[in-house]
Protein chains: 6
Amino acid sequence: MNRIAVRNIERASAEIIEGLAKVGVSTAHEALGRMGLMHTGIGPRQQGARIAGSAVTALCAPGDNFMLHVALELLHPGDILVVATLSPSTDGYIGDLLVTAAKARGAVAMVLDAGIRDVAEIREMQFPVWSRCVSAQGTVKETVVSANVPVTCGGAYVVPGDIIVADDDGVVVIPRLQGARVLEAARRREQDEVSTRARLNKGEVTLDVLNLRSKLSDRGLRYVDGPVDWSGGDKDI
Amino acid sequence: MNRIAVRNIERASAEIIEGLAKVGVSTAHEALGRMGLMHTGIGPRQQGARIAGSAVTALCAPGDNFMLHVALELLHPGDILVVATLSPSTDGYIGDLLVTAAKARGAVAMVLDAGIRDVAEIREMQFPVWSRCVSAQGTVKETVVSANVPVTCGGAYVVPGDIIVADDDGVVVIPRLQGARVLEAARRREQDEVSTRARLNKGEVTLDVLNLRSKLSDRGLRYVDGPVDWSGGDKDI
Amino acid sequence: MNRIAVRNIERASAEIIEGLAKVGVSTAHEALGRMGLMHTGIGPRQQGARIAGSAVTALCAPGDNFMLHVALELLHPGDILVVATLSPSTDGYIGDLLVTAAKARGAVAMVLDAGIRDVAEIREMQFPVWSRCVSAQGTVKETVVSANVPVTCGGAYVVPGDIIVADDDGVVVIPRLQGARVLEAARRREQDEVSTRARLNKGEVTLDVLNLRSKLSDRGLRYVDGPVDWSGGDKDI
Amino acid sequence: MNRIAVRNIERASAEIIEGLAKVGVSTAHEALGRMGLMHTGIGPRQQGARIAGSAVTALCAPGDNFMLHVALELLHPGDILVVATLSPSTDGYIGDLLVTAAKARGAVAMVLDAGIRDVAEIREMQFPVWSRCVSAQGTVKETVVSANVPVTCGGAYVVPGDIIVADDDGVVVIPRLQGARVLEAARRREQDEVSTRARLNKGEVTLDVLNLRSKLSDRGLRYVDGPVDWSGGDKDI
Amino acid sequence: MNRIAVRNIERASAEIIEGLAKVGVSTAHEALGRMGLMHTGIGPRQQGARIAGSAVTALCAPGDNFMLHVALELLHPGDILVVATLSPSTDGYIGDLLVTAAKARGAVAMVLDAGIRDVAEIREMQFPVWSRCVSAQGTVKETVVSANVPVTCGGAYVVPGDIIVADDDGVVVIPRLQGARVLEAARRREQDEVSTRARLNKGEVTLDVLNLRSKLSDRGLRYVDGPVDWSGGDKDI
Amino acid sequence: MNRIAVRNIERASAEIIEGLAKVGVSTAHEALGRMGLMHTGIGPRQQGARIAGSAVTALCAPGDNFMLHVALELLHPGDILVVATLSPSTDGYIGDLLVTAAKARGAVAMVLDAGIRDVAEIREMQFPVWSRCVSAQGTVKETVVSANVPVTCGGAYVVPGDIIVADDDGVVVIPRLQGARVLEAARRREQDEVSTRARLNKGEVTLDVLNLRSKLSDRGLRYVDGPVDWSGGDKDI
């Protein structure tokens with residue numbers, strides 16, 4: 001799996017990808033069964049973007065973006081470039097030039113378990129990026145690793161062609177073959193929430209709307225009439 | 001103190017709470033004697049909000065927001081829901097549905113030593129939240145702990161009914177019975193700063209405005225005329 | 001080097017400083033040879049500022065901003081106050097009053113390896129600050145250390161009079177005597193990027209624009225035609 | 001609560017304290033209902049110590065151990081000195097001299113939400129310490145805060161006279177009035193574990209010993225006969 | 001992939017596993033091509049252990065070790081239990097009772113992206129464990145996720161049956177089908193190092209032993225005769 | 001300052017270096033005026049070592065130890081190799097082979113703002129190392145930076161030839177020309193502590209031994225007779 005670049009990958013249909021972009025990260029992640037979320041250290045470098053696309057991956061040495069250049073050429077319109085590193089790096093793996101290149105290839109976003117630079121320019125270009133941090137520290141182009149192979153990025157396993165969904169809540173990876181099932185489940189969740197939201201807006205409490213009261217008492221919750229004086233004796237309530 | 005939910009708590013007066021909201025976190029914290037500040041990891045998820053309210057608390061298991069639902073029902077208009085966990089968790093304890101529920105009960109803010117999700121929607125709802133992070137990871141509803149009991153949140157001790165003040169500088173906890181005293185001290189501080197600010201605007205330096213010069217020389221500061229060549233010899237100045 | 005404050009320092013010319021402000025942190029850092037960058041924990045407390053100035057330094061005890069007051073008096077128009085601490089501190093070393101004082105002296109920015117407070121007010125005053133965090137926790141004025149001596153701030157070595165360049169990408173320190181050389185090199189870099197950007201916009205890939213293909217194959221990259229079934233056997237590709 | 005030192009506090013009985021030292025942190029923490037644990041950043045600076053004692057507290061400014069000297073005088077034989085700071089500090093609040101002083105007063109351990117120094121000498125003195133870190137950085141003696149008042153240390157709330165239990169698993173705070181109840185519950189837990197351990201040693205599995213099988217199937221676990229080919233199709237199992 | 005437990009998995013041969021245990025983590029990781037290393041936060045809880053075994057995995061909810069009990073039953077002699085969580089948790093997922101159970105099943109080690117407790121007792125039992133931390137905080141048994149499915153643990157992807165190698169340098173995951181190839185490459189590396197070590201012991205420098213001198217000069221290194229005065233002018237060397 | 005290796009540096013006398021090794025880090029750091037301490041993240045990888053030597057530096061790219069090989073050749077007997085990186089790296093920059101090489105050159109220790117590997121073997125070789133972490137991740141040899149130039153390591157500024165003192169308390173950098181002065185001051189401190197220790201051993205408290213009582217009352221400390229009921233009213237003491 002070392003020193004290879006894979007030229008053709010399978011992608012999910014545009015319809016599924018667009019559908020997942022609309023439901024967003026939190027709902028898609030629930031629909032997948034709470035799997036595939038990148039850790040919270042991988043955050044948006046802009047506010048308000050919500051996007052989905054097919055993963056094209058670059059596996060890079062720390063402080064070295066050589067394989068990112070290889071991956072750039074493998075991008076198809078609608079793809080998201082996912083950059084992982086062999087060991088932790090905060091360096092700025094992309095700047096405005098590489099975003100220019102990615103946009104010209106039709107990429108819709110980038111996700112990096114590393115840093116980016118030229119963040120002001122990239123925000124102006126309206127190209128959404130999720131990264132570990134921002135750093136002016138540039139990278140070298142010395143070490144060949146791989147492109148378009150499975151990687152772990154932000155603690156999540158990404159196979160090329162998997163569907164990446166990203167918004168202000170973070171980044172989730174949907175296995176390509178699960179896309180249709182997840183989209184359907186996500187839409188059902190959204191449907192279910194409509195009536196819940198209506199009831200909550202009217203002032204009903206979630207204990208009733210979600211039928212939690214009997215579970216609460218089964219597990220031993222006691223209601224106590226306060227106010228309580230929380231000094232020494234309080235702990236014997 | 002386990003598995004209880006306390007139904008009635010005492011709250012500070014609306015007048016004191018509104019007064020503290022206006023002075024803001026940094027001044028209130030000084031006025032309290034530099035106590036009660038949550039650590040800097042608990043940050044605002046929006047920009048420009050400044051608020052105060054009475055604490056209603058939920059003590060939750062990690063990855064489990066069951067007690068938050070119990071606490072929601074205990075909220076009165078003007079309250080702030082404070083969520084603590086038994087051990088560290090970055091999960092998304094609230095989303096737009098629970099914020100809908102909290103707003104419907106009259107809550108004015110939430111403070112969580114944990115994550116939130118649906119952050120874009122929550123910002124749109126203009127409901128201010130301070131949290132440790134943003135995470136799409138949902139929670140379960142399995143473990144009963146307690147609601148409206150004293151907790152430590154962000155390293156600060158919070159008794160239900162304490163006054164929470166929160167803005168872009170962070171979150172501070174004012175013990176309920178200290179509210180009036182703190183508000184008065186805070187207003188005196190603000191008054192004192194008016195003339196200081198005027199003098200500084202005119203170009204006076206703080207060494208004079210704050211009478212620091214004699215303290216400086218007492219403690220041994222020497223002024224040296226530079227420029228200094230900071231090579232080897234410099235360290236013998 | 002203890003308990004001294006240095007009154008006169010040499011500064012770079014306004015022309016060089018203004019030039020470096022325009023090229024920004026990432027380009028200036030490259031031009032210097034990838035030295036002098038503060039670590040990514042020192043971030044902007046506002047968005048979109050890009051500035052340069054001469055460093056005036058304060059070396060403070062943790063939780064104690066006494067020397068910052070000494071340094072304020074040493075500021076000349078166009079200077080940037082750089083605050084380092086003897087050991088890590090997240091406290092709020094400056095608030096709106098000290099920013100008022102700094103602006104009145106002509107300072108153009110502050111960089112702190114520590115926290116700030118009154119961040120909302122400071123943003124309104126449009127005074128750019130780079131810091132480790134935001135914290136309402138105030139400081140004392142008890143311990144005399146030094147002002148306008150060399151310090152390490154954010155992991156970078158800063159000699160008074162060095163040129164600080166700061167923007168959304170972070171903070172870089174340019175040794176004063178290197179300013180002219182770095183500015184020239186930075187401008188050459190910008191020039192070189194014009195044609196690169198044009199070629200990338202037309203859809204050329206960086207592997208060609210930067211002549212990377214032969215280096216890639218020299219170092220052993222093989223292209224593989226996918227799609228690949230990434231189960232057990234995949235790893236023998 | 002500012003600038004006071006409290007001279008007399010109530011302590012738990014020696015019998016309860018000795019009993020809790022024997023059961024150790026993990027069992028005591030369970031017996032208390034999973035409350036009161038300091039976070040994992042407060043670790044032992046030696047291996048194999050297991051101890052309990054009554055808390056005497058010092059609330060210190062960052063980088064300033066003045067109040068620790070006040071608290072030292074308040075120590076009785078069998079006490080544990082608990083040091084909290086107004087804001088985070090990694091400085092070395094104690095060294096071998098202060099440990100000498102504490103031992104001479106009969107203290108049995110120290111717990112610091114801060115650093116220590118002279119760690120090699122302190123290990124040789126066989127005086128157990130739990131701290132956030134080790135640091136040679138000394139502190140000043142300038143700022144008066146308080147001694148023997150409630151503090152939060154390592155995220156746990158400590159009232160003077162509470163029982164501190166500490167071992168290689170960490171540090172837990174048992175409210176003084178809860179000591180007897182917790183000790184009894186802890187001993188019951190230990191008793192219960194005897195037969196469990198015996199059954200596990202014989203090779204029984206916890207699913208049987210703890211009667212977990214029906215709960216597992218109620219919540220939907222399905223057993224699948226492997227081996228499974230974890231490529232694309234795997235995710236539809 | 002949710003709510004399943006896989007009963008039979010394929011394992012590498014005992015010969016390969018024993019061979020990899022002998023070469024250790026650093027050499028095995030090099031031989032694999034610098035893949036599969038868990039991040040440095042997953043460290044040994046003892047000193048001097050060096051071990052290898054087949055991975056049996058448990059994917060757990062945060063603060064909930066229910067699936068670990070399921071996985072315990074799936075252990076064969078020689079296996080290593082690998083515990084991953086759906087979101088970050090520092091809780092103590094295992095204590096001495098579960099280690100007793102694991103040893104009785106023939107397990108040789110555990111690796112957890114979480115905490116452990118009873119660490120003193122576990123060290124006495126001489127059962128090696130690698131974990132993120134030590135914490136007395138116990139877990140619940142409420143949420144069913146999966147056992148013996150692929151997981152990411154410490155940022156590395158682990159398929160059940162993969163070979164885990166662990167020692168004081170950390171933990172590496174060798175894909176099962178790569179075991180023989182990696183072992184062979186690791187032994188070659190060890191062989192190569194014998195003569196290198198001999199030459200270094202004689203005082204030869206690595207620049208000669210590894211033939212690095214021409215590469216150095218090709219890339220522009222200049223030797224300068226010192227001593228250099230590292231003041232202002234130094235930077236023009 | 002780029003791409004150079006400096007061949008001759010000035011070193012402090014063996015007498016001063018040996019003297020500083022004996023006083024240790026905490027005392028030397030105090031004697032220097034609390035400057036020059038590396039941050040607490042740079043810790044010992046063994047227990048009980050206490051050493052001093054002259055700094056020879058390597059400035060390396062992240063994940064690349066090329067310059068460390070250059071620096072190895074520049075080592076004289078009694079030197080300590082100090083390794084800094086251009087941006088943060090946790091990789092294992094040295095293993096047992098490079099320690100073999102360093103020992104053969106007479107080096108007495110290494111300090112790395114990065115990781116090491118083969119830590120078990122290095123402990124057996126009794127070669128003391130201070131590093132940020134342990135990691136099996138190897139490095140490449142591609143990028144030429146510099147050797148024997150000033151660096152910042154662990155946040156401290158190190159000029160080649162400076163005296164490094166390291167023990168279980170951490171690592172401190174003593175400027176070469178300050179060595180004699182610091183050693184003398186350190187010995188005076190040790191002398192002063194003899195009588196203090198004697199008085200403390202007899203049971204005197206530090207408030208008396210260090211004459212702190214009047215300073216305490218000047219700054220407003222009040223003694224309160226407890227026990228205090230720390231409920232609501234407590235805060236008005």
# chains A, B, ... in the order shown; residues from 1 in each chain; ligands from 1
>>> interface_residues(of="chain D", to="chain F", cutoff="9 Å", atoms="only C-alpha atoms", output="number ranges by chain")
D: 1-10, 66, 69-70, 72-73, 90, 95, 97-98, 100-105, 116-120, 133-138, 141-146, 149-150, 159
>>> select_by_dssp(residues="range 64-211 of chain E", states="strand (DSSP E)", output="PyMOL selection string")
chain E and resi 79-85+92-94+109-116+129-134+146-147+151-153+156-158+163-167+170-174
>>> select_by_dssp(residues="range 20-227 of chain E", states="alpha helix (DSSP H)", output="NGL selection string")
:E and (20-31 or 66-73 or 96-104 or 119-124 or 179-201 or 206-209 or 213-218)
>>> atom_distance(atom1="CA of Gly63 in chain C", atom2="CA of Val140 in chain C")
6.4 Å
>>> atom_distance(atom1="CA of Ala12 in chain F", atom2="CA of Met110 in chain F")
17.8 Å
>>> residues_around(residues="Pro175 in chain C", least_positions_apart="2", cutoff="9 Å", atoms="only C-alpha atoms", output="number ranges by chain")
C: 36, 158-159, 161-164, 173, 177-179; E: 232, 235
>>> closest_residue(among="E:Glu190, E:Glu184, E:Asp113, E:Asp91", to="Pro44 in chain E", atoms="only C-alpha atoms")
E:Asp113
